[in-house]
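Colleague: If it helps, the file is called run_28.cif and holds mmCIF, C-alpha atoms:
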data_my_file
#
loop_
_atom_site.label_atom_id
_atom_site.label_comp_id
_atom_site.auth_asym_id
_atom_site.auth_seq_id
_atom_site.Cartn_x
_atom_site.Cartn_y
_atom_site.Cartn_z
CA MET R 728 -83.21 31.49 -104.55
CA THR R 729 -85.52 29.50 -106.78
CA LYS R 730 -85.12 25.86 -107.64
CA ASN R 731 -84.57 26.74 -111.32
CA LYS R 732 -81.69 29.00 -110.39
CA THR R 733 -80.06 26.42 -108.17
CA LYS R 734 -80.20 23.83 -110.92
CA ASN R 735 -78.75 26.36 -113.33
CA LEU R 736 -75.21 25.96 -111.95
CA THR R 737 -75.19 22.18 -112.41
CA THR R 738 -76.61 22.57 -115.90
CA ARG R 739 -73.97 25.15 -116.82
CA ILE R 740 -71.16 22.94 -115.51
CA VAL R 741 -72.39 19.98 -117.57
CA ILE R 742 -72.70 22.22 -120.63
CA GLY R 743 -69.16 23.46 -119.99
CA MET R 744 -67.90 19.87 -119.85
CA GLY R 745 -69.69 18.89 -123.04
CA LEU R 746 -68.54 21.95 -124.97
CA GLY R 747 -64.98 21.50 -123.71
CA ILE R 748 -64.84 17.89 -124.93
CA LEU R 749 -66.44 18.85 -128.27
CA VAL R 750 -64.05 21.78 -128.86
CA GLY R 751 -61.09 19.59 -127.91
CA PHE R 752 -62.01 16.94 -130.45
CA ILE R 753 -62.62 19.57 -133.15
CA LEU R 754 -59.19 21.11 -132.55
CA GLN R 755 -57.64 17.64 -132.61
CA LEU R 756 -59.19 17.04 -136.03
CA LEU R 757 -57.80 20.38 -137.20
CA MET R 758 -54.37 19.56 -135.77
CA PRO R 759 -53.75 15.82 -136.34
CA ASP R 760 -50.59 14.30 -134.85
CA GLY R 761 -49.97 17.43 -132.79
CA ASN R 762 -49.47 19.66 -135.84
CA ASP R 763 -50.52 23.28 -135.58
CA PHE R 764 -53.35 24.84 -137.60
CA VAL R 765 -52.32 28.25 -138.87
CA ILE R 766 -54.41 30.83 -140.73
CA PRO R 767 -52.33 33.39 -142.65
CA LEU R 768 -53.61 36.89 -141.97
CA TYR R 769 -52.55 40.25 -143.34
CA PHE R 770 -50.24 41.23 -140.49
CA PHE R 771 -49.45 37.86 -138.89
CA ASP R 772 -50.16 34.13 -138.95
CA PHE R 773 -52.93 33.10 -136.53
CA SER R 774 -51.96 29.89 -134.66
CA PHE R 775 -54.80 27.86 -133.17
CA ARG R 776 -52.46 26.05 -130.79
CA SER R 777 -50.73 29.16 -129.52
CA PHE R 778 -53.92 31.15 -129.08
CA PHE R 779 -56.41 28.52 -127.90
CA VAL R 780 -54.62 25.42 -126.57
CA ASP R 781 -51.52 26.99 -125.03
CA GLY R 782 -53.19 30.34 -124.45
CA VAL R 783 -56.85 30.67 -123.53
CA PHE R 784 -57.47 27.06 -122.43
CA GLU R 785 -54.18 26.62 -120.57
CA ILE R 786 -54.50 29.94 -118.73
CA GLY R 787 -58.21 29.56 -117.94
CA GLY R 788 -57.88 25.98 -116.72
CA GLN R 789 -54.75 26.50 -114.63
CA VAL R 790 -56.07 29.71 -113.04
CA PHE R 791 -59.26 27.87 -112.08
CA VAL R 792 -57.36 24.96 -110.49
CA ALA R 793 -54.92 27.32 -108.79
CA SER R 794 -57.84 29.31 -107.36
CA LEU R 795 -59.31 26.16 -105.83
CA LYS R 796 -55.96 25.03 -104.45
CA MET R 797 -55.44 28.51 -103.02
CA LEU R 798 -58.33 27.87 -100.63
CA VAL R 799 -57.37 24.36 -99.56
CA VAL R 800 -54.87 25.07 -96.76
CA PRO R 801 -56.71 28.01 -95.14
CA LEU R 802 -60.05 26.23 -95.47
CA VAL R 803 -58.81 22.95 -93.98
CA PHE R 804 -56.99 24.71 -91.14
CA VAL R 805 -59.80 27.11 -90.22
CA SER R 806 -62.57 24.53 -90.65
CA LEU R 807 -60.73 21.86 -88.67
CA VAL R 808 -59.94 24.29 -85.83
CA CYS R 809 -63.65 25.24 -85.73
CA GLY R 810 -64.68 21.61 -85.71
CA THR R 811 -62.23 20.63 -82.97
CA CYS R 812 -63.26 23.57 -80.80
CA SER R 813 -66.91 22.55 -81.05
CA LEU R 814 -66.30 19.04 -79.72
CA ASN R 815 -67.37 18.90 -76.09
CA ASP R 816 -65.21 15.83 -75.54
CA THR R 817 -61.84 16.04 -77.31
CA ALA R 818 -61.36 12.33 -76.62
CA LYS R 819 -63.90 11.78 -79.43
CA LEU R 820 -61.18 12.69 -81.92
CA GLY R 821 -59.50 9.33 -81.43
CA ARG R 822 -62.75 7.46 -82.02
CA ILE R 823 -63.64 9.57 -85.05
CA GLY R 824 -60.17 9.11 -86.50
CA GLY R 825 -60.27 5.36 -85.92
CA LYS R 826 -63.63 5.04 -87.67
CA ALA R 827 -62.54 7.18 -90.61
CA VAL R 828 -59.20 5.44 -91.19
CA GLY R 829 -60.80 2.01 -90.74
CA LEU R 830 -63.54 2.77 -93.28
CA TYR R 831 -61.06 4.20 -95.78
CA LEU R 832 -58.93 1.04 -95.55
CA ILE R 833 -61.96 -1.22 -95.89
CA THR R 834 -63.26 0.56 -99.01
CA THR R 835 -59.76 0.49 -100.52
CA ALA R 836 -59.46 -3.26 -99.92
CA LEU R 837 -62.93 -3.81 -101.44
CA ALA R 838 -62.01 -1.65 -104.44
CA ILE R 839 -58.84 -3.51 -105.37
CA THR R 840 -60.41 -6.93 -104.72
CA PHE R 841 -63.30 -6.08 -107.03
CA ALA R 842 -60.91 -4.66 -109.65
CA ILE R 843 -58.73 -7.79 -109.70
CA SER R 844 -61.80 -10.05 -109.94
CA ILE R 845 -63.27 -8.18 -112.91
CA ALA R 846 -59.87 -7.93 -114.63
CA LEU R 847 -59.32 -11.69 -114.32
CA LEU R 848 -62.79 -12.26 -115.75
CA VAL R 849 -62.31 -9.91 -118.73
CA SER R 850 -58.55 -10.53 -119.29
CA PRO R 851 -57.75 -7.10 -120.83
CA GLY R 852 -54.07 -7.98 -121.45
CA GLU R 853 -54.52 -11.17 -123.42
CA GLY R 854 -53.36 -10.87 -127.01
CA VAL R 855 -51.94 -7.38 -126.46
CA ASN R 856 -48.50 -7.00 -127.99
CA MET R 857 -47.32 -3.52 -127.19
CA ASP R 858 -43.92 -1.92 -126.98
CA SER R 859 -43.65 0.86 -124.46
CA ASP R 860 -42.26 4.12 -125.78
CA THR R 861 -42.33 5.57 -122.29
CA LEU R 862 -39.71 4.70 -119.72
CA PHE R 863 -40.88 4.76 -116.14
CA THR R 864 -38.45 5.24 -113.28
CA SER R 865 -39.87 4.18 -109.95
CA LYS R 866 -39.42 6.54 -107.02
CA GLU R 867 -38.80 5.08 -103.60
CA ALA R 868 -41.85 5.29 -101.37
CA PRO R 869 -41.39 6.37 -97.76
CA SER R 870 -41.95 3.80 -95.02
CA LEU R 871 -44.98 3.99 -92.77
CA ALA R 872 -42.69 5.03 -89.89
CA GLN R 873 -41.36 7.94 -91.95
CA VAL R 874 -44.88 9.05 -92.82
CA ILE R 875 -45.90 9.05 -89.13
CA ILE R 876 -42.81 11.06 -88.15
CA GLN R 877 -43.36 13.52 -90.98
CA MET R 878 -46.99 14.07 -89.96
CA PHE R 879 -45.77 16.37 -87.18
CA PRO R 880 -44.49 19.70 -88.54
CA SER R 881 -41.33 21.23 -87.14
CA ASN R 882 -42.53 24.48 -88.69
CA PRO R 883 -46.28 24.78 -89.34
CA PHE R 884 -45.80 27.75 -91.65
CA THR R 885 -43.60 25.61 -93.88
CA ALA R 886 -46.35 22.99 -93.91
CA PHE R 887 -48.84 25.69 -94.96
CA ALA R 888 -46.55 26.98 -97.70
CA GLN R 889 -45.85 23.50 -99.09
CA GLY R 890 -49.45 22.32 -98.79
CA ASN R 891 -48.48 19.31 -96.67
CA MET R 892 -51.98 18.23 -95.73
CA LEU R 893 -51.11 15.67 -93.07
CA GLN R 894 -49.01 18.24 -91.20
CA VAL R 895 -51.73 20.88 -91.59
CA ILE R 896 -54.32 18.45 -90.21
CA VAL R 897 -52.16 17.55 -87.19
CA PHE R 898 -51.35 21.18 -86.36
CA ALA R 899 -55.01 22.21 -86.76
CA LEU R 900 -56.12 19.43 -84.40
CA LEU R 901 -53.56 20.43 -81.77
CA PHE R 902 -54.41 24.12 -82.15
CA GLY R 903 -58.15 23.38 -81.90
CA ILE R 904 -57.73 21.26 -78.77
CA ALA R 905 -55.60 23.97 -77.14
CA THR R 906 -58.20 26.59 -78.07
CA ALA R 907 -61.01 24.51 -76.56
CA LEU R 908 -59.05 24.18 -73.31
CA SER R 909 -58.12 27.88 -73.02
CA GLY R 910 -61.24 29.25 -71.34
CA LYS R 911 -62.35 32.80 -72.22
CA ALA R 912 -59.34 33.44 -74.46
CA GLY R 913 -60.13 30.25 -76.36
CA GLU R 914 -63.76 31.29 -76.77
CA ARG R 915 -62.71 34.58 -78.38
CA ILE R 916 -60.33 32.76 -80.75
CA ALA R 917 -63.02 30.18 -81.57
CA ALA R 918 -65.50 32.94 -82.44
CA LEU R 919 -62.93 34.51 -84.76
CA PHE R 920 -62.37 31.19 -86.55
CA VAL R 921 -66.12 30.70 -86.97
CA ASP R 922 -66.32 34.07 -88.76
CA LEU R 923 -63.25 33.23 -90.86
CA ASN R 924 -64.85 29.94 -91.86
CA GLU R 925 -67.98 31.75 -93.09
CA VAL R 926 -65.88 34.14 -95.19
CA ILE R 927 -63.83 31.33 -96.76
CA MET R 928 -66.96 29.31 -97.56
CA ARG R 929 -68.43 32.35 -99.29
CA LEU R 930 -65.24 32.57 -101.35
CA VAL R 931 -65.77 28.91 -102.28
CA THR R 932 -69.26 29.81 -103.46
CA ILE R 933 -67.89 32.60 -105.65
CA LEU R 934 -65.41 30.23 -107.28
CA MET R 935 -68.12 27.63 -107.85
CA ASN R 936 -69.97 30.16 -109.98
CA LEU R 937 -66.88 30.38 -112.20
CA ALA R 938 -66.66 26.60 -112.50
CA PRO R 939 -68.36 26.17 -115.91
CA TYR R 940 -65.66 28.30 -117.57
CA GLY R 941 -62.80 26.58 -115.75
CA VAL R 942 -64.20 23.13 -116.56
CA PHE R 943 -64.58 24.09 -120.23
CA CYS R 944 -60.95 25.22 -120.46
CA LEU R 945 -59.57 22.16 -118.67
CA LEU R 946 -61.43 19.63 -120.82
CA ALA R 947 -60.86 21.50 -124.09
CA LYS R 948 -57.11 21.43 -123.41
CA LEU R 949 -57.13 17.77 -122.37
CA PHE R 950 -59.15 16.46 -125.32
CA THR R 951 -57.09 18.47 -127.79
CA ASP R 952 -53.91 16.70 -126.73
CA ILE R 953 -55.15 13.23 -125.73
CA SER R 954 -54.07 10.47 -128.10
CA LEU R 955 -57.04 8.56 -129.46
CA SER R 956 -54.74 5.95 -131.02
CA THR R 957 -53.31 5.17 -127.58
CA ILE R 958 -56.80 4.67 -126.17
CA SER R 959 -57.71 2.35 -129.06
CA ASN R 960 -54.63 0.19 -128.34
CA LEU R 961 -55.59 -0.02 -124.68
CA ILE R 962 -59.35 -0.05 -125.09
CA ALA R 963 -59.90 -3.24 -123.06
CA TYR R 964 -57.77 -1.99 -120.15
CA PHE R 965 -59.35 1.46 -120.33
CA MET R 966 -62.91 0.16 -120.33
CA VAL R 967 -62.31 -2.31 -117.48
CA VAL R 968 -60.82 0.38 -115.23
CA LEU R 969 -63.57 2.84 -116.17
CA GLY R 970 -66.31 0.27 -115.64
CA VAL R 971 -65.05 -0.81 -112.21
CA LEU R 972 -64.66 2.84 -111.15
CA ILE R 973 -68.26 3.60 -112.12
CA ILE R 974 -69.62 0.49 -110.39
CA HIS R 975 -67.65 1.24 -107.23
CA ALA R 976 -69.04 4.77 -107.11
CA LEU R 977 -72.64 3.93 -108.02
CA VAL R 978 -73.01 0.56 -106.30
CA THR R 979 -70.40 -0.10 -103.59
CA TYR R 980 -70.62 3.29 -101.87
CA PRO R 981 -74.44 3.51 -101.91
CA VAL R 982 -74.76 -0.07 -100.59
CA LEU R 983 -72.30 0.63 -97.76
CA LEU R 984 -74.09 3.89 -96.95
CA LYS R 985 -77.46 2.11 -96.77
CA LEU R 986 -76.13 -0.78 -94.69
CA LEU R 987 -74.19 1.35 -92.21
CA THR R 988 -76.53 4.32 -91.84
CA GLY R 989 -79.90 3.57 -93.43
CA LEU R 990 -79.68 6.83 -95.38
CA ASN R 991 -81.13 7.14 -98.88
CA PRO R 992 -78.31 6.34 -101.35
CA ILE R 993 -80.16 7.98 -104.27
CA MET R 994 -80.30 11.28 -102.40
CA PHE R 995 -76.61 10.91 -101.60
CA LEU R 996 -75.68 10.44 -105.26
CA ARG R 997 -77.85 13.38 -106.34
CA LYS R 998 -76.09 15.69 -103.91
CA MET R 999 -72.68 14.44 -105.07
CA ARG R 1000 -73.18 15.54 -108.68
CA ASP R 1001 -71.49 18.92 -108.56
CA THR R 1002 -68.65 17.69 -106.37
CA ALA R 1003 -67.97 14.74 -108.67
CA ILE R 1004 -67.90 17.06 -111.68
CA PHE R 1005 -65.42 19.35 -109.91
CA ALA R 1006 -63.24 16.38 -109.03
CA PHE R 1007 -63.39 15.00 -112.57
CA SER R 1008 -62.40 18.30 -114.16
CA THR R 1009 -59.55 19.10 -111.75
CA ALA R 1010 -58.27 15.51 -111.24
CA SER R 1011 -57.25 16.60 -107.73
CA SER R 1012 -58.89 15.51 -104.48
CA ASN R 1013 -57.07 18.32 -102.66
CA ALA R 1014 -58.33 20.98 -105.06
CA THR R 1015 -61.86 19.64 -104.57
CA ILE R 1016 -61.73 19.79 -100.74
CA PRO R 1017 -63.55 23.17 -100.53
CA VAL R 1018 -66.43 21.86 -102.64
CA THR R 1019 -66.54 18.49 -100.82
CA LEU R 1020 -66.70 20.24 -97.44
CA GLU R 1021 -69.52 22.48 -98.57
CA THR R 1022 -71.44 19.50 -99.97
CA THR R 1023 -71.09 17.31 -96.87
CA THR R 1024 -71.99 20.09 -94.42
CA LYS R 1025 -74.44 22.37 -96.23
CA LYS R 1026 -76.17 19.87 -98.51
CA MET R 1027 -75.89 16.62 -96.55
CA GLY R 1028 -76.07 17.88 -92.96
CA ALA R 1029 -72.83 16.53 -91.49
CA ASN R 1030 -71.55 18.58 -88.57
CA ASN R 1031 -68.42 20.58 -89.36
CA SER R 1032 -66.66 18.91 -86.42
CA ILE R 1033 -66.80 15.63 -88.38
CA ALA R 1034 -66.51 16.77 -91.99
CA SER R 1035 -63.58 19.12 -91.33
CA PHE R 1036 -61.59 16.08 -90.18
CA THR R 1037 -62.78 13.23 -92.43
CA VAL R 1038 -62.78 15.14 -95.75
CA PRO R 1039 -59.15 16.42 -95.68
CA LEU R 1040 -58.02 13.07 -94.26
CA GLY R 1041 -59.84 11.24 -97.04
CA ALA R 1042 -58.35 13.51 -99.70
CA THR R 1043 -54.95 12.47 -98.38
CA ILE R 1044 -55.25 8.73 -97.69
CA ASN R 1045 -58.43 7.51 -99.44
CA MET R 1046 -57.27 6.02 -102.74
CA ASP R 1047 -60.05 3.71 -103.86
CA GLY R 1048 -59.80 4.92 -107.45
CA THR R 1049 -56.05 4.42 -107.45
CA ALA R 1050 -56.49 0.96 -105.92
CA ILE R 1051 -58.86 0.01 -108.74
CA MET R 1052 -56.32 1.16 -111.32
CA GLN R 1053 -53.61 -0.85 -109.56
CA GLY R 1054 -55.69 -4.01 -109.49
CA VAL R 1055 -56.58 -3.89 -113.17
CA ALA R 1056 -53.07 -2.72 -114.17
CA THR R 1057 -51.45 -5.60 -112.27
CA VAL R 1058 -53.55 -8.17 -114.11
CA PHE R 1059 -53.08 -6.35 -117.43
CA ILE R 1060 -49.29 -6.11 -117.14
CA ALA R 1061 -49.04 -9.73 -115.98
CA GLN R 1062 -51.01 -10.88 -119.02
CA VAL R 1063 -49.05 -8.70 -121.43
CA PHE R 1064 -45.75 -10.14 -120.15
CA ASN R 1065 -47.22 -13.68 -119.87
CA VAL R 1066 -46.61 -13.94 -116.12
CA ASP R 1067 -48.93 -16.23 -114.15
CA LEU R 1068 -49.87 -14.87 -110.74
CA THR R 1069 -51.06 -17.13 -107.94
CA ILE R 1070 -53.82 -16.56 -105.41
CA ALA R 1071 -51.11 -15.70 -102.87
CA ASP R 1072 -49.75 -13.06 -105.27
CA PHE R 1073 -53.15 -11.44 -105.62
CA LEU R 1074 -53.66 -11.44 -101.85
CA MET R 1075 -50.27 -9.73 -101.52
CA VAL R 1076 -51.37 -7.14 -104.09
CA ILE R 1077 -54.52 -6.41 -102.06
CA LEU R 1078 -52.59 -6.12 -98.78
CA THR R 1079 -49.77 -4.01 -100.25
CA ALA R 1080 -52.05 -1.56 -102.03
CA THR R 1081 -54.34 -1.16 -99.01
CA LEU R 1082 -51.54 -0.44 -96.54
CA ALA R 1083 -49.63 1.68 -99.07
CA SER R 1084 -52.62 4.03 -99.31
CA ILE R 1085 -51.55 5.38 -95.90
CA GLY R 1086 -47.82 4.75 -96.24
CA THR R 1087 -47.57 6.91 -99.36
CA ALA R 1088 -50.08 9.57 -98.35
CA GLY R 1089 -49.21 13.04 -99.56
CA VAL R 1090 -46.40 11.89 -101.86
CA PRO R 1091 -46.44 13.49 -105.36
CA GLY R 1092 -47.30 10.99 -108.10
CA VAL R 1093 -48.58 8.64 -105.39
CA GLY R 1094 -50.64 6.48 -107.77
CA LEU R 1095 -47.70 5.39 -109.89
CA ILE R 1096 -45.46 5.00 -106.83
CA MET R 1097 -48.01 2.66 -105.27
CA LEU R 1098 -48.33 0.72 -108.52
CA ALA R 1099 -44.54 0.33 -108.70
CA MET R 1100 -44.56 -1.03 -105.14
CA VAL R 1101 -47.30 -3.52 -106.03
CA LEU R 1102 -45.53 -4.71 -109.18
CA ASN R 1103 -42.26 -5.15 -107.33
CA GLN R 1104 -44.04 -7.12 -104.62
CA VAL R 1105 -45.23 -9.78 -107.10
CA GLY R 1106 -42.19 -9.74 -109.37
CA LEU R 1107 -43.69 -7.94 -112.36
CA PRO R 1108 -41.55 -5.52 -114.44
CA VAL R 1109 -42.04 -1.92 -113.31
CA GLU R 1110 -41.39 -0.86 -116.92
CA GLY R 1111 -44.88 -2.16 -117.66
CA ILE R 1112 -46.24 1.08 -116.19
CA GLY R 1113 -45.04 2.78 -119.36
CA LEU R 1114 -47.70 0.86 -121.27
CA ILE R 1115 -50.59 2.51 -119.46
CA ILE R 1116 -49.29 6.05 -118.88
CA GLY R 1117 -50.81 7.22 -122.16
CA VAL R 1118 -54.41 6.79 -120.92
CA ASP R 1119 -53.76 7.42 -117.23
CA ARG R 1120 -54.59 11.15 -117.35
CA LEU R 1121 -58.16 10.56 -118.46
CA LEU R 1122 -58.64 7.71 -115.99
CA ASP R 1123 -57.11 9.86 -113.25
CA MET R 1124 -59.98 12.31 -113.62
CA THR R 1125 -62.52 9.52 -113.07
CA ARG R 1126 -60.50 8.11 -110.16
CA THR R 1127 -60.62 11.48 -108.43
CA ALA R 1128 -64.40 11.69 -108.80
CA VAL R 1129 -64.66 8.22 -107.22
CA ASN R 1130 -62.30 9.17 -104.39
CA VAL R 1131 -64.25 12.27 -103.35
CA THR R 1132 -67.48 10.25 -103.45
CA GLY R 1133 -65.82 7.84 -101.02
CA ASP R 1134 -64.68 10.73 -98.81
CA SER R 1135 -68.27 11.98 -98.60
CA MET R 1136 -69.71 8.51 -97.95
CA VAL R 1137 -67.31 7.90 -95.06
CA THR R 1138 -68.12 11.37 -93.69
CA MET R 1139 -71.83 10.48 -93.68
CA VAL R 1140 -71.20 7.18 -91.91
CA VAL R 1141 -68.98 8.72 -89.23
CA ALA R 1142 -71.34 11.67 -88.72
CA LYS R 1143 -74.37 9.38 -88.44
CA THR R 1144 -72.73 6.99 -85.97
CA GLU R 1145 -71.49 9.93 -83.86
CA GLY R 1146 -74.92 11.58 -83.78
CA GLN R 1147 -73.54 14.55 -85.72
CA LEU R 1148 -75.76 14.31 -88.82
CA ASP R 1149 -78.85 16.46 -89.42
CA GLU R 1150 -81.02 14.02 -91.37
CA SER R 1151 -83.58 16.69 -92.19
CA VAL R 1152 -80.87 18.49 -94.17
CA PHE R 1153 -79.76 15.25 -95.83
CA ASN R 1154 -83.31 14.40 -96.92
CA ASP R 1155 -84.03 17.92 -98.17
CA GLU R 1156 -83.26 17.88 -101.88
CA ASN R 1157 -82.81 21.67 -101.91
CA ALA R 1158 -80.68 21.93 -98.77
CA GLY R 1159 -77.64 24.12 -99.24
CA GLN R 1160 -78.70 25.11 -102.73
CA LYS R 1161 -79.54 28.67 -101.74
CA ILE R 1162 -75.83 29.50 -101.37
CA GLU R 1163 -74.82 27.80 -104.58
CA GLU R 1164 -75.29 30.88 -106.76
CA ILE R 1165 -74.64 34.51 -105.96
CA ASP R 1166 -76.66 37.38 -107.38
CA PHE R 1167 -73.74 39.56 -108.43
CA HIS R 1168 -76.15 42.32 -109.47
CA HIS R 1169 -76.90 43.03 -105.81
CA MET R 1170 -73.29 43.02 -104.61
CA LYS R 1171 -73.02 46.75 -105.24
CA ASP R 1172 -75.71 47.20 -102.55
CA GLY R 1173 -73.73 45.09 -100.11
CA LYS R 1174 -75.90 42.03 -100.71
CA ALA R 1175 -75.00 38.60 -102.01
#
Once you've parsed the file, please lay out its structure as structure tokens.
Modeller:
Amino acid sequence: MTKNKTKNLTTRIVIGMGLGILVGFILQLLMPDGNDFVIPLYFFDFSFRSFFVDGVFEIGGQVFVASLKMLVVPLVFVSLVCGTCSLNDTAKLGRIGGKAVGLYLITTALAITFAISIALLVSPGEGVNMDSDTLFTSKEAPSLAQVIIQMFPSNPFTAFAQGNMLQVIVFALLFGIATALSGKAGERIAALFVDLNEVIMRLVTILMNLAPYGVFCLLAKLFTDISLSTISNLIAYFMVVLGVLIIHALVTYPVLLKLLTGLNPIMFLRKMRDTAIFAFSTASSNATIPVTLETTTKKMGANNSIASFTVPLGATINMDGTAIMQGVATVFIAQVFNVDLTIADFLMVILTATLASIGTAGVPGVGLIMLAMVLNQVGLPVEGIGLIIGVDRLLDMTRTAVNVTGDSMVTMVVAKTEGQLDESVFNDENAGQKIEEIDFHHMKDGKA
């Protein structure tokens, strides 16, 4: 596989993103205020919205995301069992888990502290007089005790079917430990899981080759329906959140990586490009797990025994992007409603958001639930969330890209400190690229 071919996938994904955004804006100009654009033909009226927006783009985008999500549970389970089996000392799991959770909490606390500081400096809510047309009803978040209890599945097949990642992780760890302790029988099972892991990763590679088309459909649909007037009303809030997200991804993570491991942060960011694009287009850390795992193991050199644990865990509890949104949103809503928050209030916001990142792990709509908790904690009206919902979808895409970058950074740190990182792979700019594209012309000869 030549270097030109390996770069071709990244180039095609970026082209797909650009064309999707461009087509979305063109369709929005043709259909202002959500109105349809219809061309009368001889036999029927051709509807742009029905054919393109609700047809081609909706189907293409949702099938792409569904295909990625289809792999998440089997990939996490198989990969984590493989990783656990390969650990010579199963007691390392506790140390690895402690490092991973500790790093995720630290980066979350840094993220929200930085977000609040920048928001106070910029003051995005001053002079904003908005009436919310959207009512937000806060859901009750589970307690940390409930989350711990619910981590252990009473029926692992139900956990698989529902995609409950914490339960899948726990069952995979227990199954992997039991396999490692089962002698010859365990060795046969472990060998089977290694083969299964190779097959699933090849399926990931196939789907990655379809990514440019899926990304195009997703972004064309999004930018057709997104309200530009809403963004203009919230431009200060939008730009502050976006700016802090970008700085956290391009500055905070690389600095931490350099300080804790000595690895080259520029190389790290280069190898994160495709994964960040996937995360941005799908707006789902879970859907991006297959790509993140491939990046951290094949391109960056982390051992599967580390990555198979830290990546799914990070996709579940690492919410740096959400924390940044919460920090800026808290300051914004307080300024809009003319509520003065004290230093103690801001410290409470940092503490609540950091701990809630674990306490609300795996809960649908977790970002808004966490924000409601934070607002309640400092006495701000939860209805203020309705002000920012209009631009949250676009920011959610960027938050996800930041989150998966954090997952990969923590994976590198844990792998390096555990002696489970192949630095020659990390420093090789072309490492892992040979599997990125498949020559479909040779598949008929049994080659890929």
Colleague: Mind telling me what the PyMOL selection byres ((chain R and resi 806-810) around 7) catches here, as a PyMOL selection string?
Modeller: chain R and resi 802-805+811-814+899-900+902-903+917+920-921+924+1031-1033+1035-1036
Colleague: Would you export the selected residues with C-alpha atoms as a PDB file, keeping the file's coordinate frame, please?
Modeller:
ATOM      1  CA  LEU R 802     -60.050  26.230 -95.470  1.00  0.00           C
ATOM      2  CA  VAL R 803     -58.810  22.950 -93.980  1.00  0.00           C
ATOM      3  CA  PHE R 804     -56.990  24.710 -91.140  1.00  0.00           C
ATOM      4  CA  VAL R 805     -59.800  27.110 -90.220  1.00  0.00           C
ATOM      5  CA  THR R 811     -62.230  20.630 -82.970  1.00  0.00           C
ATOM      6  CA  CYS R 812     -63.260  23.570 -80.800  1.00  0.00           C
ATOM      7  CA  SER R 813     -66.910  22.550 -81.050  1.00  0.00           C
ATOM      8  CA  LEU R 814     -66.300  19.040 -79.720  1.00  0.00           C
ATOM      9  CA  ALA R 899     -55.010  22.210 -86.760  1.00  0.00           C
ATOM     10  CA  LEU R 900     -56.120  19.430 -84.400  1.00  0.00           C
ATOM     11  CA  PHE R 902     -54.410  24.120 -82.150  1.00  0.00           C
ATOM     12  CA  GLY R 903     -58.150  23.380 -81.900  1.00  0.00           C
ATOM     13  CA  ALA R 917     -63.020  30.180 -81.570  1.00  0.00           C
ATOM     14  CA  PHE R 920     -62.370  31.190 -86.550  1.00  0.00           C
ATOM     15  CA  VAL R 921     -66.120  30.700 -86.970  1.00  0.00           C
ATOM     16  CA  ASN R 924     -64.850  29.940 -91.860  1.00  0.00           C
ATOM     17  CA  ASN R1031     -68.420  20.580 -89.360  1.00  0.00           C
ATOM     18  CA  SER R1032     -66.660  18.910 -86.420  1.00  0.00           C
ATOM     19  CA  ILE R1033     -66.800  15.630 -88.380  1.00  0.00           C
ATOM     20  CA  SER R1035     -63.580  19.120 -91.330  1.00  0.00           C
ATOM     21  CA  PHE R1036     -61.590  16.080 -90.180  1.00  0.00           C
TER      22      PHE R1036
END
Colleague: Excluding stretch 1143-1152 of chain R and any residue of its chain fewer than 5 positions from it, enumerate the residues within 12 Å of it, using only C-alpha atoms, and give them as a PyMOL selection string.
Modeller: chain R and resi 810+813-814+816+819-820+822-824+826-827+984-985+987-991+994-995+998+1022-1034+1136-1138+1157-1160
Colleague: Find the residues near R:Ile845: any atom within 10 Å, counting only C-alpha atoms, skip ones fewer than 3 places away on the same chain, and give them as a ChimeraX atom specification.
Modeller: /R:839-842,848-851,967-968,970-971,1054-1055,1058
Colleague: Can I get the selection written as a compact mmCIF listing (two decimals), in the coordinates of the input, with C-alpha atoms?
Modeller:
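That gives us result-v3.txt:
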# COMPACT_ATOMS: atom_id res chain seq x y z
CA ILE R 839 -58.84 -3.51 -105.37
CA THR R 840 -60.41 -6.93 -104.72
CA PHE R 841 -63.30 -6.08 -107.03
CA ALA R 842 -60.91 -4.66 -109.65
CA LEU R 848 -62.79 -12.26 -115.75
CA VAL R 849 -62.31 -9.91 -118.73
CA SER R 850 -58.55 -10.53 -119.29
CA PRO R 851 -57.75 -7.10 -120.83
CA VAL R 967 -62.31 -2.31 -117.48
CA VAL R 968 -60.82 0.38 -115.23
CA GLY R 970 -66.31 0.27 -115.64
CA VAL R 971 -65.05 -0.81 -112.21
CA GLY R 1054 -55.69 -4.01 -109.49
CA VAL R 1055 -56.58 -3.89 -113.17
CA VAL R 1058 -53.55 -8.17 -114.11
Colleague: Could you tell me which residues the PyMOL selection byres ((chain R and resi 880) around 10) grabs in this file, written as a JSON list (two decimals) with C-alpha atoms, in the frame of the given file?
Modeller:
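Resulting contents of expr-v4.json:
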[["chain", "number", "residue", "atom", "x", "y", "z"],
["R", 876, "ILE", "CA", -42.81, 11.06, -88.15],
["R", 877, "GLN", "CA", -43.36, 13.52, -90.98],
["R", 878, "MET", "CA", -46.99, 14.07, -89.96],
["R", 879, "PHE", "CA", -45.77, 16.37, -87.18],
["R", 881, "SER", "CA", -41.33, 21.23, -87.14],
["R", 882, "ASN", "CA", -42.53, 24.48, -88.69],
["R", 883, "PRO", "CA", -46.28, 24.78, -89.34],
["R", 884, "PHE", "CA", -45.80, 27.75, -91.65],
["R", 885, "THR", "CA", -43.60, 25.61, -93.88],
["R", 886, "ALA", "CA", -46.35, 22.99, -93.91],
["R", 887, "PHE", "CA", -48.84, 25.69, -94.96],
["R", 891, "ASN", "CA", -48.48, 19.31, -96.67],
["R", 893, "LEU", "CA", -51.11, 15.67, -93.07],
["R", 894, "GLN", "CA", -49.01, 18.24, -91.20],
["R", 895, "VAL", "CA", -51.73, 20.88, -91.59],
["R", 897, "VAL", "CA", -52.16, 17.55, -87.19],
["R", 898, "PHE", "CA", -51.35, 21.18, -86.36]]
